[in-house]
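Structure file my_file.txt; described as compact mmCIF, C-alpha atoms and all ligand atoms.
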# COMPACT_ATOMS: atom_id res chain seq x y z
CA MET A 5 55.40 0.69 1.16
CA ASP A 6 56.84 1.61 4.54
CA TRP A 7 55.06 -0.52 7.13
CA ALA A 8 56.92 1.03 10.05
CA SER A 9 55.60 4.44 9.01
CA ILE A 10 52.01 3.18 8.74
CA PHE A 11 51.99 1.48 12.12
CA ILE A 12 54.40 3.49 14.22
CA HIS A 13 55.54 6.65 12.41
CA ASP A 14 57.09 8.85 15.10
CA THR A 15 55.28 7.45 18.12
CA THR A 16 57.46 7.48 21.20
CA TRP A 17 56.88 5.37 24.31
CA SER A 18 56.00 8.45 26.31
CA PHE A 19 53.40 9.60 23.76
CA ALA A 20 51.94 6.09 23.63
CA LEU A 21 51.51 6.33 27.39
CA GLU A 22 49.91 9.77 27.01
CA VAL A 23 47.48 8.38 24.38
CA ALA A 24 46.46 5.61 26.78
CA LEU A 25 45.85 8.14 29.55
CA ARG A 26 43.92 10.53 27.24
CA ALA A 27 41.75 7.63 26.02
CA ALA A 28 40.95 6.62 29.59
CA ILE A 29 39.99 10.19 30.52
CA MET A 30 37.79 10.66 27.44
CA PHE A 31 36.16 7.27 28.04
CA ILE A 32 35.11 8.40 31.51
CA MET A 33 33.99 11.76 30.08
CA ILE A 34 31.72 10.03 27.53
CA ILE A 35 30.04 8.03 30.28
CA ILE A 36 29.54 11.13 32.41
CA PHE A 37 28.14 13.14 29.50
CA LEU A 38 25.84 10.36 28.33
CA ARG A 39 24.45 10.20 31.86
CA PHE A 40 23.65 13.91 31.50
CA THR A 41 21.37 13.20 28.52
CA GLY A 42 18.96 11.66 31.01
CA LYS A 43 18.44 8.58 28.84
CA ARG A 44 18.41 5.20 30.50
CA GLY A 45 19.68 3.17 27.56
CA VAL A 46 20.33 3.32 23.88
CA ARG A 47 18.64 0.21 22.53
CA GLN A 48 16.56 2.18 20.05
CA LEU A 49 17.67 5.65 19.04
CA SER A 50 15.78 8.22 17.01
CA ILE A 51 17.74 10.01 14.30
CA PHE A 52 18.10 13.03 16.57
CA GLU A 53 19.53 10.99 19.42
CA LEU A 54 21.84 9.17 17.07
CA THR A 55 23.17 12.54 15.90
CA ILE A 56 24.01 13.47 19.47
CA ILE A 57 25.77 10.18 20.12
CA LEU A 58 27.77 10.46 16.91
CA SER A 59 28.85 14.03 17.63
CA LEU A 60 29.84 13.12 21.18
CA GLY A 61 31.85 10.20 19.84
CA SER A 62 33.71 12.24 17.30
CA ILE A 63 34.40 15.08 19.73
CA ALA A 64 35.69 12.62 22.28
CA GLY A 65 37.85 10.76 19.79
CA ASP A 66 40.26 13.46 18.65
CA PRO A 67 41.79 14.49 22.00
CA MET A 68 42.50 10.84 22.71
CA PHE A 69 45.50 10.89 20.38
CA THR A 70 46.09 14.46 19.22
CA GLU A 71 49.13 15.77 21.03
CA ASP A 72 48.34 19.50 20.94
CA LEU A 73 44.60 19.18 21.67
CA PRO A 74 43.92 19.85 25.34
CA ILE A 75 41.08 17.85 26.87
CA ILE A 76 39.40 20.99 28.24
CA GLN A 77 38.44 22.02 24.68
CA ALA A 78 36.67 18.71 24.09
CA VAL A 79 34.89 19.06 27.43
CA ILE A 80 33.62 22.52 26.45
CA ILE A 81 32.29 21.22 23.11
CA MET A 82 30.66 18.22 24.76
CA SER A 83 29.00 20.46 27.34
CA VAL A 84 27.57 22.63 24.57
CA VAL A 85 26.26 19.59 22.66
CA ILE A 86 24.63 18.14 25.76
CA GLY A 87 23.20 21.57 26.63
CA LEU A 88 21.65 21.80 23.16
CA TYR A 89 20.31 18.27 23.50
CA ARG A 90 18.59 19.11 26.78
CA LEU A 91 17.20 22.32 25.28
CA CYS A 92 15.86 20.43 22.26
CA THR A 93 14.21 17.72 24.36
CA TRP A 94 12.56 20.47 26.40
CA PHE A 95 11.20 22.10 23.21
CA VAL A 96 10.07 18.70 21.95
CA MET A 97 8.00 18.19 25.07
CA LYS A 98 6.51 21.68 24.84
CA TYR A 99 5.77 21.96 21.12
CA GLN A 100 4.51 19.03 19.05
CA PRO A 101 5.55 20.40 15.60
CA PHE A 102 9.11 20.65 16.85
CA GLU A 103 9.02 16.98 17.75
CA TYR A 104 7.92 16.00 14.23
CA LEU A 105 10.68 18.17 12.80
CA LEU A 106 13.37 16.61 14.95
CA GLU A 107 12.27 13.03 15.35
CA GLY A 108 9.91 12.47 12.42
CA LYS A 109 6.36 11.13 12.66
CA PRO A 110 5.13 7.59 13.20
CA VAL A 111 4.10 6.14 9.84
CA TYR A 112 1.20 3.78 9.06
CA ILE A 113 2.58 0.84 7.08
CA VAL A 114 -0.33 -1.60 7.38
CA GLU A 115 -3.99 -0.69 7.54
CA ASN A 116 -6.80 -3.26 7.53
CA GLY A 117 -4.61 -6.15 6.44
CA ARG A 118 -2.98 -4.43 3.49
CA LEU A 119 0.15 -2.33 3.03
CA VAL A 120 -0.44 1.42 2.83
CA LEU A 121 0.28 2.22 -0.81
CA GLU A 122 1.81 5.70 -0.50
CA LYS A 123 4.21 4.47 2.14
CA ILE A 124 5.56 1.50 0.25
CA LYS A 125 5.94 3.69 -2.82
CA GLU A 126 7.93 6.24 -0.82
CA GLY A 127 10.22 3.37 0.09
CA LYS A 128 10.60 4.22 3.77
CA MET A 129 11.40 0.59 4.42
CA SER A 130 11.67 -2.41 2.12
CA HIS A 131 9.06 -5.17 2.03
CA ASP A 132 11.65 -7.45 3.56
CA GLU A 133 12.09 -5.22 6.56
CA PHE A 134 8.34 -4.86 7.22
CA PHE A 135 7.81 -8.55 6.80
CA SER A 136 10.64 -9.56 9.09
CA GLU A 137 9.40 -7.11 11.74
CA MET A 138 5.93 -8.64 11.58
CA ARG A 139 7.26 -12.21 11.54
CA ARG A 140 9.30 -11.45 14.61
CA GLN A 141 6.05 -10.60 16.37
CA GLY A 142 4.46 -13.88 15.31
CA VAL A 143 2.36 -12.64 12.40
CA GLU A 144 1.94 -15.21 9.65
CA HIS A 145 -0.04 -13.26 7.05
CA LEU A 146 -1.00 -9.63 6.50
CA ARG A 147 -4.72 -10.00 7.15
CA GLN A 148 -3.93 -10.76 10.81
CA VAL A 149 -2.81 -7.14 11.16
CA ARG A 150 -5.30 -4.30 11.51
CA ILE A 151 -2.71 -1.59 12.11
CA GLY A 152 1.05 -1.68 11.64
CA LEU A 153 2.79 1.51 12.70
CA LEU A 154 6.45 2.36 12.21
CA GLU A 155 7.52 4.34 15.28
CA VAL A 156 10.14 7.10 15.12
CA ASN A 157 12.68 4.96 16.95
CA GLY A 158 12.33 2.21 14.34
CA ASN A 159 10.06 -0.03 16.41
CA PHE A 160 7.12 -1.63 14.66
CA SER A 161 3.85 -1.53 16.64
CA LEU A 162 1.06 -3.91 15.70
CA VAL A 163 -2.65 -4.10 16.43
CA LEU A 164 -4.03 -7.49 15.45
CA TYR A 165 -7.47 -8.57 14.28
CA PRO A 166 -9.46 -10.58 16.80
CA LEU A 167 -9.45 -14.34 16.30
CA ASP A 168 -13.00 -14.45 14.91
CA ASP A 169 -12.25 -11.89 12.22
CA ILE A 170 -9.43 -13.49 10.26
CA ARG A 171 -9.73 -13.56 6.50
CA TYR A 172 -7.37 -14.37 3.64
CA GLY A 173 -4.14 -12.38 3.51
CA LEU A 174 -0.66 -12.21 2.02
CA PRO A 175 1.69 -14.77 3.61
CA LEU A 176 4.80 -13.22 5.19
CA PHE A 177 7.07 -16.23 5.49
CA PRO A 178 9.42 -17.05 2.60
CA LYS A 179 8.05 -20.47 1.58
CA PRO A 180 4.41 -19.49 1.01
CA TYR A 181 5.41 -15.99 -0.21
CA GLN A 182 5.98 -17.13 -3.75
CA ALA A 183 4.48 -16.11 -7.05
CA VAL A 184 2.03 -18.61 -8.48
CA GLN A 185 2.33 -19.70 -12.09
CA ARG A 186 -1.15 -21.11 -12.44
CA VAL A 187 -4.40 -20.12 -10.72
CA GLN A 188 -7.52 -21.93 -9.66
CA PRO A 189 -10.88 -20.18 -9.89
CA ASP A 190 -12.11 -20.43 -6.29
CA TYR A 191 -8.82 -19.78 -4.48
CA HIS A 192 -7.87 -16.48 -2.88
CA TYR A 193 -4.67 -14.82 -4.11
CA ALA A 194 -2.78 -11.92 -2.58
CA CYS A 195 -0.85 -9.26 -4.50
CA MET A 196 2.78 -9.63 -3.42
CA TYR A 197 3.34 -5.90 -3.70
CA CYS A 198 0.43 -4.43 -1.70
CA GLY A 199 -1.34 -7.36 -0.01
CA ASN A 200 -4.62 -6.89 -1.87
CA VAL A 201 -6.59 -10.16 -1.94
CA ALA A 202 -8.61 -11.19 -5.00
CA TYR A 203 -9.91 -14.07 -7.13
CA LEU A 204 -7.92 -14.44 -10.31
CA THR A 205 -8.57 -15.79 -13.77
CA GLN A 206 -4.90 -15.74 -14.79
CA ALA A 207 -1.60 -15.85 -12.88
CA HIS A 208 -0.26 -12.47 -13.99
CA GLU A 209 -3.26 -10.23 -13.65
CA LEU A 210 -2.75 -6.54 -12.91
CA CYS A 211 -3.63 -5.73 -9.29
CA ASN A 212 -6.55 -3.30 -9.37
CA ARG A 213 -5.40 -1.68 -6.13
CA CYS A 214 -1.69 -0.90 -6.62
CA HIS A 215 -1.35 -1.41 -10.42
CA ASN A 216 2.19 -2.61 -9.78
CA LYS A 217 4.00 -3.76 -12.90
CA SER A 218 5.44 -6.90 -11.30
CA ARG A 219 2.00 -8.62 -11.41
CA ARG A 220 2.98 -11.24 -8.88
CA TRP A 221 0.44 -13.08 -6.75
CA ALA A 222 0.91 -15.54 -3.92
CA LYS A 223 -1.66 -18.01 -2.67
CA ALA A 224 -3.40 -16.28 0.23
CA ILE A 225 -3.75 -18.01 3.60
CA ASN A 226 -6.22 -17.45 6.42
CA ASN A 227 -4.59 -19.05 9.45
CA GLU A 228 -5.51 -17.65 12.81
CA ILE A 229 -2.85 -15.92 14.80
CA VAL A 230 -1.21 -18.09 17.43
CA THR A 231 -0.96 -16.31 20.74
ZN ZN B 1 -1.39 -4.81 -5.37
Would you put the structure from the file into structure tokens?
Amino acid sequence: MDWASIFIHDTTWSFALEVALRAAIMFIMIIIFLRFTGKRGVRQLSIFELTIILSLGSIAGDPMFTEDLPIIQAVIIMSVVIGLYRLCTWFVMKYQPFEYLLEGKPVYIVENGRLVLEKIKEGKMSHDEFFSEMRRQGVEHLRQVRIGLLEVNGNFSLVLYPLDDIRYGLPLFPKPYQAVQRVQPDYHYACMYCGNVAYLTQAHELCNRCHNKSRRWAKAINNEIVT
């Protein structure tokens, strides 16, 4: 293996200097063009916005180190991409269906203290991801949540039950979220797949809501939410 060829090849000092200059120019261009998107920050991006950022990045990258690629060509492409972005955001504001097409729709993940079956079956997000999102917002068990909505930018919005309407639900933290091996007749148990709460006569009963084959139940808890 020729290490000199991998790391240096035919790079001359003058081209190295040119690469540095090209990189600096494109860096400034990216900032200018991102300012043109009109966005204030990029903490949470929708898929559409991420596409724009990725295309800008790849367009800006090549002229940084390609000798025979003039920067003006990259600037033209970036202008077109930003122009299309502005056009799309205008359409999105005008026509709702276009927004759904481009950005997707918010999705109900939790309704009335249980996971929405169709959504977990579609696998839009794993149990782990839902649970960690809810834990991050201080939710201890599913029955504290009346509505859990997955926004298009990946945020998880929650509406909680009032304090005087807390019942038994599926625990979301790892220690209590464990399958029981034995059941007691007057305890509440929660299906670990869908959050359905029931009394059980045996530890591996089939859940009559989701009919999931795993047949795993955790001991349900009814703690109030701490605010
Ligand atoms: Zn179930």
8 Å contact set for region 154-161 of chain A, all atoms listed in the file, chain neighbours under 6 positions out, as a short mmCIF file (atom, residue, chain, number, x, y, z; two decimals) with C-alpha atoms, in the coordinates of the input:
data_model
loop_
_atom_site.label_atom_id
_atom_site.label_comp_id
_atom_site.auth_asym_id
_atom_site.auth_seq_id
_atom_site.Cartn_x
_atom_site.Cartn_y
_atom_site.Cartn_z
CA GLN A 48 16.56 2.18 20.05
CA LEU A 49 17.67 5.65 19.04
CA SER A 50 15.78 8.22 17.01
CA ILE A 51 17.74 10.01 14.30
CA GLU A 107 12.27 13.03 15.35
CA GLY A 108 9.91 12.47 12.42
CA LYS A 109 6.36 11.13 12.66
CA PRO A 110 5.13 7.59 13.20
CA VAL A 111 4.10 6.14 9.84
CA TYR A 112 1.20 3.78 9.06
CA ILE A 113 2.58 0.84 7.08
CA GLU A 137 9.40 -7.11 11.74
CA MET A 138 5.93 -8.64 11.58
#
May I ask for the distance between CA of Ala27 (chain A) and CA of Met68 (chain A), given in Å to one decimal place?
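Rounded to one decimal, the two atoms are 4.7 Å apart.
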Could you give me, as CSV, a per-residue list for chain A showing, wherever an atom lies at most 7 Å from an atom of ligand ZN 1 (chain B), the closest pair of atoms and their distance in Å to one decimal, using all atoms listed in the file and sorting by chain then residue number from low to high?
residue,atom,partner,partner_atom,distance
A:Cys195,CA,B:ZN1,ZN,4.6
A:Met196,CA,B:ZN1,ZN,6.7
A:Tyr197,CA,B:ZN1,ZN,5.1
A:Cys198,CA,B:ZN1,ZN,4.1
A:Gly199,CA,B:ZN1,ZN,5.9
A:Asn200,CA,B:ZN1,ZN,5.2
A:Cys211,CA,B:ZN1,ZN,4.6
A:Asn212,CA,B:ZN1,ZN,6.7
A:Arg213,CA,B:ZN1,ZN,5.1
A:Cys214,CA,B:ZN1,ZN,4.1
A:His215,CA,B:ZN1,ZN,6.1
A:Asn216,CA,B:ZN1,ZN,6.1
List every protein, DNA or RNA residue with an atom no more than 12 Å from (21.8, 16.6, 33.3) in the file's coordinates, counting only C-alpha atoms, and format the result as a PyMOL selection string.
chain A and resi 36-43+83+85-91+93
Given only C-alpha atoms as the basis, pick out the residue of A:Arg219, A:Ser9, A:Leu210, A:Tyr203 nearest to Gln185 (chain A).
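Going through A:Arg219, A:Ser9, A:Leu210, A:Tyr203 one by one, the smallest distance to Gln185 (chain A) is for A:Arg219.
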Could you jot down the CA of Val79 (chain A) to CA of Asp66 (chain A) separation for me, Å, one decimal place?
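That distance, rounded to one decimal, is 11.7 Å.
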Every residue with an atom at most 7 Å from (45.4, 9.4, 24.8) (file coordinates; all atoms listed in the file) is what I'm after, so could you write them as a PyMOL selection string?
chain A and resi 22-27+67-69
Please measure the separation of CA of Asp168 (chain A) and CA of Phe134 (chain A), giving the value in Å to one decimal.
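For CA of Asp168 (chain A) relative to CA of Phe134 (chain A), the distance reads 24.6 Å.
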Could you check the closest approach to His208 (chain A) for each of A:Leu106, A:Leu176, A:Val230, A:Ala183 and tell me which residue wins, using only C-alpha atoms?
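The shortest atom-to-atom distance to His208 (chain A) comes from A:Ala183.
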Using all atoms listed in the file, the residue out of A:Ser130, A:Ser218, A:Ser136, A:Gln206 with shortest distance to Gln188 (chain A) is A:Gln206
Write out as a list in words each polymer residue whose atoms come within 9 Å of region 225-227 of chain A, counting only C-alpha atoms; drop sequence neighbours fewer than 6 positions from it.
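The residues that qualify are Glu144, His145, Arg147, Gln148, Ile170, Arg171, Tyr172, Gly173, Leu174, Pro175, Pro180, His192, Tyr193 and Ala194 of chain A.
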